Amino acid sequence: MTEPLDPAKLKSALPRKFYDRDPRRVSCDLLGKVLVRTQGKKITAAARIVEVEAYFGPHDAAAHSFIGRTARNAILFGPSGFAYVYFIYGNHYCLNVSCLPDGVPGGILFRAVEPLFGIEDMAQARGMPLNGNLRLLTSGPGRLAQAFGITRERDNGKDLTDARSDLFIADDGFHVPGVLKTPRIGITKSADLPWRFVIGGNPFVSGPRKFQVAVQSSRH
DNA sequence: GGAGCGATGTCCT
DNA sequence: GGACATCGCTCCG
């Protein structure tokens, strides 16, 4: 677990320049930041980012942008800081944020978050009892998307750098104690590249234990 | 706790 | 037609 939430610190979103860099650097710096869903001026859900994966373009065979620009992946080729939401395996949505300048593809997949606020709503969205295992609420890309009510229709193309969006990412000043770097999960191509980043020891990190072993750790 | 597997829609490799 | 950046359920140890 990380630390309690101070809603007063969630009023501003991370700026576009934050995302306008190498997705590996952005991934590392996104850990510990807060994903915020609002309705009107009210925060309805907030959760700390504890696991992400970096994806590139032409040189990353696992990336959706690897095949070149299509109607589906166009967001990844556009300016940074925008939500790329896709539907996978007939059941699940996955949330990404675009990185790198306009014209250069790249993005980051949100794989797990730690619920901080709005847990009742998340449980309802997941069809889970409130007294269930909290880890099952948001541990995994499909689960966190469902907990936040994220769909392609609703959120694809949304500007995550705008606190007036009903979905954005904020910095509440939390300091990440240790970042672990591991291979990415659930892919077959380029599966050896260590482009998955997690907050070491956080119980909301997804995946089997073997994927929680770091190939390299670093200070934030 | 871990391996195996089916369900399911969208987009092209 | 086949692949897919997943999940939840079995079955087995």
# chains A, B, ... in the order shown; residues from 1 in each chain; ligands from 1
>>> interface_residues(of="chain A", to="chain C", cutoff="9 Å", atoms="only C-alpha atoms (C1' of nucleotides)", output="NGL selection string")
:A and (53 or 62-64 or 88-89 or 91-94 or 109 or 140-143 or 184-187)
>>> write_last_selection(atoms="N, CA, C and O atoms", output="PDB file, in the first residue's frame")
ATOM      1  N   GLU A  53       3.398  -0.189 -18.693  1.00  0.00           N
ATOM      2  CA  GLU A  53       4.312  -0.732 -19.694  1.00  0.00           C
ATOM      3  C   GLU A  53       4.523   0.281 -20.806  1.00  0.00           C
ATOM      4  O   GLU A  53       3.582   0.948 -21.236  1.00  0.00           O
ATOM      5  N   ALA A  62       5.708  -5.421 -30.519  1.00  0.00           N
ATOM      6  CA  ALA A  62       4.544  -5.662 -29.660  1.00  0.00           C
ATOM      7  C   ALA A  62       3.595  -4.468 -29.631  1.00  0.00           C
ATOM      8  O   ALA A  62       2.489  -4.569 -29.110  1.00  0.00           O
ATOM      9  N   ALA A  63       4.018  -3.337 -30.180  1.00  0.00           N
ATOM     10  CA  ALA A  63       3.214  -2.115 -30.100  1.00  0.00           C
ATOM     11  C   ALA A  63       2.121  -2.102 -31.164  1.00  0.00           C
ATOM     12  O   ALA A  63       2.327  -2.579 -32.284  1.00  0.00           O
ATOM     13  N   HIS A  64       0.977  -1.566 -30.827  1.00  0.00           N
ATOM     14  CA  HIS A  64      -0.107  -1.439 -31.797  1.00  0.00           C
ATOM     15  C   HIS A  64       0.302  -0.561 -32.968  1.00  0.00           C
ATOM     16  O   HIS A  64      -0.216  -0.699 -34.068  1.00  0.00           O
ATOM     17  N   ILE A  88     -10.113  -5.504 -26.300  1.00  0.00           N
ATOM     18  CA  ILE A  88      -9.277  -6.687 -26.547  1.00  0.00           C
ATOM     19  C   ILE A  88      -9.975  -7.963 -26.095  1.00  0.00           C
ATOM     20  O   ILE A  88     -10.721  -7.957 -25.119  1.00  0.00           O
ATOM     21  N   TYR A  89      -9.758  -9.034 -26.778  1.00  0.00           N
ATOM     22  CA  TYR A  89     -10.279 -10.357 -26.435  1.00  0.00           C
ATOM     23  C   TYR A  89     -11.789 -10.375 -26.272  1.00  0.00           C
ATOM     24  O   TYR A  89     -12.331 -11.186 -25.519  1.00  0.00           O
ATOM     25  N   ASN A  91     -13.773  -8.781 -24.629  1.00  0.00           N
ATOM     26  CA  ASN A  91     -14.326  -8.542 -23.306  1.00  0.00           C
ATOM     27  C   ASN A  91     -13.834  -7.304 -22.599  1.00  0.00           C
ATOM     28  O   ASN A  91     -14.523  -6.787 -21.734  1.00  0.00           O
ATOM     29  N   HIS A  92     -12.614  -6.853 -22.922  1.00  0.00           N
ATOM     30  CA  HIS A  92     -11.947  -5.915 -22.030  1.00  0.00           C
ATOM     31  C   HIS A  92     -11.439  -4.672 -22.756  1.00  0.00           C
ATOM     32  O   HIS A  92     -11.036  -4.728 -23.902  1.00  0.00           O
ATOM     33  N   TYR A  93     -11.481  -3.553 -22.022  1.00  0.00           N
ATOM     34  CA  TYR A  93     -10.863  -2.335 -22.515  1.00  0.00           C
ATOM     35  C   TYR A  93      -9.518  -2.137 -21.828  1.00  0.00           C
ATOM     36  O   TYR A  93      -9.339  -2.532 -20.671  1.00  0.00           O
ATOM     37  N   CYS A  94      -8.577  -1.509 -22.537  1.00  0.00           N
ATOM     38  CA  CYS A  94      -7.284  -1.183 -21.959  1.00  0.00           C
ATOM     39  C   CYS A  94      -6.993   0.293 -22.178  1.00  0.00           C
ATOM     40  O   CYS A  94      -7.202   0.825 -23.267  1.00  0.00           O
ATOM     41  N   LEU A 109       0.817   1.643 -21.496  1.00  0.00           N
ATOM     42  CA  LEU A 109      -0.351   0.888 -21.037  1.00  0.00           C
ATOM     43  C   LEU A 109      -0.424   0.923 -19.513  1.00  0.00           C
ATOM     44  O   LEU A 109       0.565   0.634 -18.840  1.00  0.00           O
ATOM     45  N   GLY A 140      -4.664  -5.246 -13.001  1.00  0.00           N
ATOM     46  CA  GLY A 140      -4.780  -5.770 -14.354  1.00  0.00           C
ATOM     47  C   GLY A 140      -5.421  -4.712 -15.232  1.00  0.00           C
ATOM     48  O   GLY A 140      -6.309  -3.985 -14.779  1.00  0.00           O
ATOM     49  N   PRO A 141      -4.990  -4.603 -16.480  1.00  0.00           N
ATOM     50  CA  PRO A 141      -5.483  -3.537 -17.358  1.00  0.00           C
ATOM     51  C   PRO A 141      -6.989  -3.580 -17.607  1.00  0.00           C
ATOM     52  O   PRO A 141      -7.653  -2.537 -17.629  1.00  0.00           O
ATOM     53  N   GLY A 142      -7.536  -4.776 -17.795  1.00  0.00           N
ATOM     54  CA  GLY A 142      -8.975  -4.901 -18.010  1.00  0.00           C
ATOM     55  C   GLY A 142      -9.754  -4.535 -16.763  1.00  0.00           C
ATOM     56  O   GLY A 142     -10.804  -3.890 -16.829  1.00  0.00           O
ATOM     57  N   ARG A 143      -9.228  -4.938 -15.622  1.00  0.00           N
ATOM     58  CA  ARG A 143      -9.923  -4.671 -14.365  1.00  0.00           C
ATOM     59  C   ARG A 143      -9.933  -3.186 -14.036  1.00  0.00           C
ATOM     60  O   ARG A 143     -10.972  -2.631 -13.642  1.00  0.00           O
ATOM     61  N   ARG A 184       7.628  -7.207 -20.259  1.00  0.00           N
ATOM     62  CA  ARG A 184       6.198  -6.919 -20.385  1.00  0.00           C
ATOM     63  C   ARG A 184       5.381  -8.215 -20.332  1.00  0.00           C
ATOM     64  O   ARG A 184       5.901  -9.292 -20.581  1.00  0.00           O
ATOM     65  N   ILE A 185       4.102  -8.073 -20.031  1.00  0.00           N
ATOM     66  CA  ILE A 185       3.231  -9.227 -19.778  1.00  0.00           C
ATOM     67  C   ILE A 185       2.208  -9.398 -20.892  1.00  0.00           C
ATOM     68  O   ILE A 185       1.706  -8.415 -21.448  1.00  0.00           O
ATOM     69  N   GLY A 186       1.910 -10.654 -21.210  1.00  0.00           N
ATOM     70  CA  GLY A 186       0.778 -10.933 -22.083  1.00  0.00           C
ATOM     71  C   GLY A 186       1.048 -10.705 -23.553  1.00  0.00           C
ATOM     72  O   GLY A 186       0.122 -10.648 -24.356  1.00  0.00           O
ATOM     73  N   ILE A 187       2.309 -10.557 -23.941  1.00  0.00           N
ATOM     74  CA  ILE A 187       2.646 -10.366 -25.345  1.00  0.00           C
ATOM     75  C   ILE A 187       3.523 -11.513 -25.819  1.00  0.00           C
ATOM     76  O   ILE A 187       4.131 -12.214 -25.004  1.00  0.00           O
TER      77      ILE A 187
END
>>> closest_atom_pairs(of="chain A", to="chain B", cutoff="10 Å", atoms="only C-alpha atoms (C1' of nucleotides)", output="Markdown table")
| residue | atom | partner | partner_atom | distance |
| --- | --- | --- | --- | --- |
| A:Ala61 | CA | B:DT13 | C1' | 9.7 |
| A:Phe66 | CA | B:DT13 | C1' | 9.1 |
| A:Ile67 | CA | B:DT13 | C1' | 6.8 |
| A:Thr70 | CA | B:DC12 | C1' | 9.6 |
| A:Ala71 | CA | B:DC11 | C1' | 9.7 |
| A:Arg72 | CA | B:DC11 | C1' | 8.0 |
| A:Tyr86 | CA | B:DT10 | C1' | 9.0 |
| A:Phe87 | CA | B:DT10 | C1' | 7.1 |
| A:Ile88 | CA | B:DT10 | C1' | 7.6 |
| A:Tyr89 | CA | B:DT8 | C1' | 6.2 |
| A:Gly90 | CA | B:DT8 | C1' | 3.9 |
| A:Asn91 | CA | B:DT8 | C1' | 5.8 |
| A:His92 | CA | B:DT8 | C1' | 9.3 |
| A:Pro208 | CA | B:DG2 | C1' | 8.7 |
| A:Arg209 | CA | B:DG1 | C1' | 9.8 |
>>> select_by_dssp(residues="segment 30-72 of chain A", states="strand (DSSP E or B)", output="MDAnalysis selection string")
chainID A and resid 34:39 42:55
>>> write_last_selection(atoms="N, CA, C and O atoms", output="mmCIF file, in the first residue's frame")
data_model
loop_
_atom_site.group_PDB
_atom_site.id
_atom_site.type_symbol
_atom_site.label_atom_id
_atom_site.label_comp_id
_atom_site.auth_asym_id
_atom_site.auth_seq_id
_atom_site.Cartn_x
_atom_site.Cartn_y
_atom_site.Cartn_z
ATOM 1 N N VAL A 34 -1.555 9.831 -9.859
ATOM 2 C CA VAL A 34 -2.922 9.441 -9.524
ATOM 3 C C VAL A 34 -3.849 9.582 -10.734
ATOM 4 O O VAL A 34 -3.921 10.657 -11.345
ATOM 5 N N LEU A 35 -4.532 8.513 -11.060
ATOM 6 C CA LEU A 35 -5.553 8.525 -12.103
ATOM 7 C C LEU A 35 -6.849 9.000 -11.468
ATOM 8 O O LEU A 35 -7.282 8.460 -10.448
ATOM 9 N N VAL A 36 -7.450 10.044 -12.076
ATOM 10 C CA VAL A 36 -8.617 10.684 -11.460
ATOM 11 C C VAL A 36 -9.810 10.671 -12.422
ATOM 12 O O VAL A 36 -9.680 11.045 -13.594
ATOM 13 N N ARG A 37 -10.960 10.250 -11.919
ATOM 14 C CA ARG A 37 -12.211 10.329 -12.671
ATOM 15 C C ARG A 37 -13.107 11.311 -11.937
ATOM 16 O O ARG A 37 -13.239 11.241 -10.707
ATOM 17 N N THR A 38 -13.693 12.254 -12.675
ATOM 18 C CA THR A 38 -14.560 13.240 -12.042
ATOM 19 C C THR A 38 -15.933 13.242 -12.698
ATOM 20 O O THR A 38 -16.121 12.742 -13.815
ATOM 21 N N GLN A 39 -16.878 13.820 -11.956
ATOM 22 C CA GLN A 39 -18.206 14.046 -12.514
ATOM 23 C C GLN A 39 -18.599 15.444 -12.062
ATOM 24 O O GLN A 39 -18.704 15.689 -10.861
ATOM 25 N N LYS A 42 -16.817 17.085 -8.945
ATOM 26 C CA LYS A 42 -16.573 16.101 -7.898
ATOM 27 C C LYS A 42 -15.679 14.963 -8.378
ATOM 28 O O LYS A 42 -15.867 14.440 -9.479
ATOM 29 N N ILE A 43 -14.733 14.571 -7.549
ATOM 30 C CA ILE A 43 -13.937 13.382 -7.834
ATOM 31 C C ILE A 43 -14.774 12.154 -7.484
ATOM 32 O O ILE A 43 -15.299 12.048 -6.381
ATOM 33 N N THR A 44 -14.937 11.249 -8.460
ATOM 34 C CA THR A 44 -15.718 10.041 -8.189
ATOM 35 C C THR A 44 -14.822 8.828 -7.981
ATOM 36 O O THR A 44 -15.224 7.863 -7.344
ATOM 37 N N ALA A 45 -13.611 8.877 -8.546
ATOM 38 C CA ALA A 45 -12.682 7.769 -8.357
ATOM 39 C C ALA A 45 -11.255 8.282 -8.486
ATOM 40 O O ALA A 45 -10.968 9.157 -9.307
ATOM 41 N N ALA A 46 -10.375 7.760 -7.657
ATOM 42 C CA ALA A 46 -8.953 8.094 -7.739
ATOM 43 C C ALA A 46 -8.140 6.876 -7.343
ATOM 44 O O ALA A 46 -8.529 6.136 -6.428
ATOM 45 N N ALA A 47 -7.033 6.664 -8.047
ATOM 46 C CA ALA A 47 -6.212 5.490 -7.756
ATOM 47 C C ALA A 47 -4.761 5.763 -8.138
ATOM 48 O O ALA A 47 -4.493 6.438 -9.141
ATOM 49 N N ARG A 48 -3.844 5.242 -7.322
ATOM 50 C CA ARG A 48 -2.428 5.476 -7.582
ATOM 51 C C ARG A 48 -1.881 4.473 -8.592
ATOM 52 O O ARG A 48 -2.151 3.271 -8.488
ATOM 53 N N ILE A 49 -1.145 4.983 -9.570
ATOM 54 C CA ILE A 49 -0.583 4.135 -10.619
ATOM 55 C C ILE A 49 0.588 3.328 -10.054
ATOM 56 O O ILE A 49 1.549 3.905 -9.531
ATOM 57 N N VAL A 50 0.487 1.993 -10.139
ATOM 58 C CA VAL A 50 1.526 1.143 -9.558
ATOM 59 C C VAL A 50 2.205 0.225 -10.585
ATOM 60 O O VAL A 50 3.197 -0.432 -10.273
ATOM 61 N N GLU A 51 1.669 0.190 -11.813
ATOM 62 C CA GLU A 51 2.255 -0.691 -12.833
ATOM 63 C C GLU A 51 1.912 -0.179 -14.230
ATOM 64 O O GLU A 51 0.741 0.063 -14.531
ATOM 65 N N VAL A 52 2.921 -0.013 -15.081
ATOM 66 C CA VAL A 52 2.711 0.445 -16.461
ATOM 67 C C VAL A 52 3.681 -0.282 -17.391
ATOM 68 O O VAL A 52 4.652 -0.884 -16.939
ATOM 69 N N GLU A 53 3.398 -0.189 -18.693
ATOM 70 C CA GLU A 53 4.312 -0.732 -19.694
ATOM 71 C C GLU A 53 4.523 0.281 -20.806
ATOM 72 O O GLU A 53 3.582 0.948 -21.236
ATOM 73 N N ALA A 54 5.762 0.376 -21.294
ATOM 74 C CA ALA A 54 6.101 1.298 -22.377
ATOM 75 C C ALA A 54 6.009 0.592 -23.727
ATOM 76 O O ALA A 54 6.417 -0.563 -23.863
ATOM 77 N N TYR A 55 5.443 1.295 -24.709
ATOM 78 C CA TYR A 55 5.374 0.791 -26.083
ATOM 79 C C TYR A 55 5.863 1.863 -27.038
ATOM 80 O O TYR A 55 5.608 3.047 -26.844
#
>>> decode(residues="segment 1-122 of chain A", atoms="C-alpha atoms", output="PDB file, in the first residue's frame")
ATOM      1  CA  MET A   1       0.000   0.000   0.000  1.00  0.00           C
ATOM      2  CA  THR A   2       1.202   3.523  -0.606  1.00  0.00           C
ATOM      3  CA  GLU A   3      -0.394   6.350   1.382  1.00  0.00           C
ATOM      4  CA  PRO A   4      -3.728   8.115   1.914  1.00  0.00           C
ATOM      5  CA  LEU A   5      -5.171  10.549  -0.577  1.00  0.00           C
ATOM      6  CA  ASP A   6      -5.293  14.322  -0.228  1.00  0.00           C
ATOM      7  CA  PRO A   7      -8.035  15.432  -2.669  1.00  0.00           C
ATOM      8  CA  ALA A   8      -6.824  19.026  -2.458  1.00  0.00           C
ATOM      9  CA  LYS A   9      -3.681  17.975  -4.318  1.00  0.00           C
ATOM     10  CA  LEU A  10      -5.577  16.550  -7.273  1.00  0.00           C
ATOM     11  CA  LYS A  11      -6.771  19.764  -8.848  1.00  0.00           C
ATOM     12  CA  SER A  12      -4.150  20.040 -11.580  1.00  0.00           C
ATOM     13  CA  ALA A  13      -3.176  17.554 -14.277  1.00  0.00           C
ATOM     14  CA  LEU A  14       0.324  16.606 -15.374  1.00  0.00           C
ATOM     15  CA  PRO A  15       1.283  18.843 -18.345  1.00  0.00           C
ATOM     16  CA  ARG A  16       1.772  17.643 -21.913  1.00  0.00           C
ATOM     17  CA  LYS A  17       5.541  18.103 -21.733  1.00  0.00           C
ATOM     18  CA  PHE A  18       5.578  15.361 -19.092  1.00  0.00           C
ATOM     19  CA  TYR A  19       4.493  12.878 -21.777  1.00  0.00           C
ATOM     20  CA  ASP A  20       6.573  14.355 -24.573  1.00  0.00           C
ATOM     21  CA  ARG A  21       9.539  12.053 -23.889  1.00  0.00           C
ATOM     22  CA  ASP A  22      10.802   8.496 -24.253  1.00  0.00           C
ATOM     23  CA  PRO A  23       7.943   6.268 -23.001  1.00  0.00           C
ATOM     24  CA  ARG A  24      10.394   4.428 -20.750  1.00  0.00           C
ATOM     25  CA  ARG A  25      11.203   7.629 -18.897  1.00  0.00           C
ATOM     26  CA  VAL A  26       7.556   8.611 -18.751  1.00  0.00           C
ATOM     27  CA  SER A  27       6.626   5.137 -17.482  1.00  0.00           C
ATOM     28  CA  CYS A  28       9.061   5.412 -14.621  1.00  0.00           C
ATOM     29  CA  ASP A  29       7.803   8.868 -13.681  1.00  0.00           C
ATOM     30  CA  LEU A  30       4.107   7.883 -13.990  1.00  0.00           C
ATOM     31  CA  LEU A  31       4.441   5.413 -11.130  1.00  0.00           C
ATOM     32  CA  GLY A  32       2.986   6.937  -7.978  1.00  0.00           C
ATOM     33  CA  LYS A  33       0.870   9.479  -9.884  1.00  0.00           C
ATOM     34  CA  VAL A  34      -2.922   9.441  -9.524  1.00  0.00           C
ATOM     35  CA  LEU A  35      -5.553   8.525 -12.103  1.00  0.00           C
ATOM     36  CA  VAL A  36      -8.617  10.684 -11.460  1.00  0.00           C
ATOM     37  CA  ARG A  37     -12.211  10.329 -12.671  1.00  0.00           C
ATOM     38  CA  THR A  38     -14.560  13.240 -12.042  1.00  0.00           C
ATOM     39  CA  GLN A  39     -18.206  14.046 -12.514  1.00  0.00           C
ATOM     40  CA  GLY A  40     -18.885  17.759 -12.623  1.00  0.00           C
ATOM     41  CA  LYS A  41     -16.465  19.191 -10.081  1.00  0.00           C
ATOM     42  CA  LYS A  42     -16.573  16.101  -7.898  1.00  0.00           C
ATOM     43  CA  ILE A  43     -13.937  13.382  -7.834  1.00  0.00           C
ATOM     44  CA  THR A  44     -15.718  10.041  -8.189  1.00  0.00           C
ATOM     45  CA  ALA A  45     -12.682   7.769  -8.357  1.00  0.00           C
ATOM     46  CA  ALA A  46      -8.953   8.094  -7.739  1.00  0.00           C
ATOM     47  CA  ALA A  47      -6.212   5.490  -7.756  1.00  0.00           C
ATOM     48  CA  ARG A  48      -2.428   5.476  -7.582  1.00  0.00           C
ATOM     49  CA  ILE A  49      -0.583   4.135 -10.619  1.00  0.00           C
ATOM     50  CA  VAL A  50       1.526   1.143  -9.558  1.00  0.00           C
ATOM     51  CA  GLU A  51       2.255  -0.691 -12.833  1.00  0.00           C
ATOM     52  CA  VAL A  52       2.711   0.445 -16.461  1.00  0.00           C
ATOM     53  CA  GLU A  53       4.312  -0.732 -19.694  1.00  0.00           C
ATOM     54  CA  ALA A  54       6.101   1.298 -22.377  1.00  0.00           C
ATOM     55  CA  TYR A  55       5.374   0.791 -26.083  1.00  0.00           C
ATOM     56  CA  PHE A  56       7.114   2.359 -29.050  1.00  0.00           C
ATOM     57  CA  GLY A  57       6.538   2.420 -32.783  1.00  0.00           C
ATOM     58  CA  PRO A  58       8.376   1.003 -35.782  1.00  0.00           C
ATOM     59  CA  HIS A  59      11.019  -0.817 -33.714  1.00  0.00           C
ATOM     60  CA  ASP A  60       8.670  -2.407 -31.162  1.00  0.00           C
ATOM     61  CA  ALA A  61       6.894  -5.423 -32.659  1.00  0.00           C
ATOM     62  CA  ALA A  62       4.544  -5.662 -29.660  1.00  0.00           C
ATOM     63  CA  ALA A  63       3.214  -2.115 -30.100  1.00  0.00           C
ATOM     64  CA  HIS A  64      -0.107  -1.439 -31.797  1.00  0.00           C
ATOM     65  CA  SER A  65       1.670   1.269 -33.787  1.00  0.00           C
ATOM     66  CA  PHE A  66       4.207  -1.237 -35.172  1.00  0.00           C
ATOM     67  CA  ILE A  67       2.140  -1.835 -38.320  1.00  0.00           C
ATOM     68  CA  GLY A  68       1.933   1.855 -39.113  1.00  0.00           C
ATOM     69  CA  ARG A  69      -0.864   4.335 -38.715  1.00  0.00           C
ATOM     70  CA  THR A  70      -4.407   2.949 -38.964  1.00  0.00           C
ATOM     71  CA  ALA A  71      -7.799   4.285 -37.919  1.00  0.00           C
ATOM     72  CA  ARG A  72      -7.581   2.403 -34.640  1.00  0.00           C
ATOM     73  CA  ASN A  73      -4.074   3.399 -33.498  1.00  0.00           C
ATOM     74  CA  ALA A  74      -4.052   6.991 -34.808  1.00  0.00           C
ATOM     75  CA  ILE A  75      -3.980   8.424 -31.274  1.00  0.00           C
ATOM     76  CA  LEU A  76      -0.557   6.860 -30.691  1.00  0.00           C
ATOM     77  CA  PHE A  77       0.804   8.830 -33.659  1.00  0.00           C
ATOM     78  CA  GLY A  78      -0.688  12.134 -32.507  1.00  0.00           C
ATOM     79  CA  PRO A  79       0.430  14.529 -29.770  1.00  0.00           C
ATOM     80  CA  SER A  80       1.263  13.193 -26.327  1.00  0.00           C
ATOM     81  CA  GLY A  81      -1.010  13.091 -23.294  1.00  0.00           C
ATOM     82  CA  PHE A  82      -4.122  11.685 -24.982  1.00  0.00           C
ATOM     83  CA  ALA A  83      -6.011   8.536 -23.999  1.00  0.00           C
ATOM     84  CA  TYR A  84      -5.775   5.547 -26.347  1.00  0.00           C
ATOM     85  CA  VAL A  85      -8.432   3.005 -25.397  1.00  0.00           C
ATOM     86  CA  TYR A  86      -8.817  -0.269 -27.261  1.00  0.00           C
ATOM     87  CA  PHE A  87     -11.003  -3.333 -26.926  1.00  0.00           C
ATOM     88  CA  ILE A  88      -9.277  -6.687 -26.547  1.00  0.00           C
ATOM     89  CA  TYR A  89     -10.279 -10.357 -26.435  1.00  0.00           C
ATOM     90  CA  GLY A  90     -13.923  -9.504 -26.951  1.00  0.00           C
ATOM     91  CA  ASN A  91     -14.326  -8.542 -23.306  1.00  0.00           C
ATOM     92  CA  HIS A  92     -11.947  -5.915 -22.030  1.00  0.00           C
ATOM     93  CA  TYR A  93     -10.863  -2.335 -22.515  1.00  0.00           C
ATOM     94  CA  CYS A  94      -7.284  -1.183 -21.959  1.00  0.00           C
ATOM     95  CA  LEU A  95      -6.194   2.384 -21.181  1.00  0.00           C
ATOM     96  CA  ASN A  96      -3.044   3.897 -22.644  1.00  0.00           C
ATOM     97  CA  VAL A  97      -1.629   7.404 -22.825  1.00  0.00           C
ATOM     98  CA  SER A  98       0.144   8.647 -25.947  1.00  0.00           C
ATOM     99  CA  CYS A  99       3.771   9.751 -25.651  1.00  0.00           C
ATOM    100  CA  LEU A 100       6.364  11.528 -27.812  1.00  0.00           C
ATOM    101  CA  PRO A 101       5.679  14.504 -30.127  1.00  0.00           C
ATOM    102  CA  ASP A 102       3.023  14.642 -32.855  1.00  0.00           C
ATOM    103  CA  GLY A 103       4.023  12.278 -35.652  1.00  0.00           C
ATOM    104  CA  VAL A 104       6.173   9.999 -33.492  1.00  0.00           C
ATOM    105  CA  PRO A 105       4.269   6.933 -32.216  1.00  0.00           C
ATOM    106  CA  GLY A 106       4.516   5.722 -28.644  1.00  0.00           C
ATOM    107  CA  GLY A 107       2.440   5.099 -25.575  1.00  0.00           C
ATOM    108  CA  ILE A 108       2.076   3.607 -22.153  1.00  0.00           C
ATOM    109  CA  LEU A 109      -0.351   0.888 -21.037  1.00  0.00           C
ATOM    110  CA  PHE A 110      -1.813   1.258 -17.549  1.00  0.00           C
ATOM    111  CA  ARG A 111      -1.651  -2.228 -16.044  1.00  0.00           C
ATOM    112  CA  ALA A 112      -2.546  -1.727 -12.384  1.00  0.00           C
ATOM    113  CA  VAL A 113      -3.590   0.977  -9.932  1.00  0.00           C
ATOM    114  CA  GLU A 114      -4.171   1.094  -6.188  1.00  0.00           C
ATOM    115  CA  PRO A 115      -7.661   2.342  -5.247  1.00  0.00           C
ATOM    116  CA  LEU A 116      -7.606   5.476  -3.080  1.00  0.00           C
ATOM    117  CA  PHE A 117     -11.093   6.928  -3.399  1.00  0.00           C
ATOM    118  CA  GLY A 118     -14.459   5.819  -4.772  1.00  0.00           C
ATOM    119  CA  ILE A 119     -13.933   2.191  -3.904  1.00  0.00           C
ATOM    120  CA  GLU A 120     -17.671   1.547  -3.593  1.00  0.00           C
ATOM    121  CA  ASP A 121     -18.261   2.781  -7.134  1.00  0.00           C
ATOM    122  CA  MET A 122     -15.354   0.706  -8.409  1.00  0.00           C
TER     123      MET A 122
END
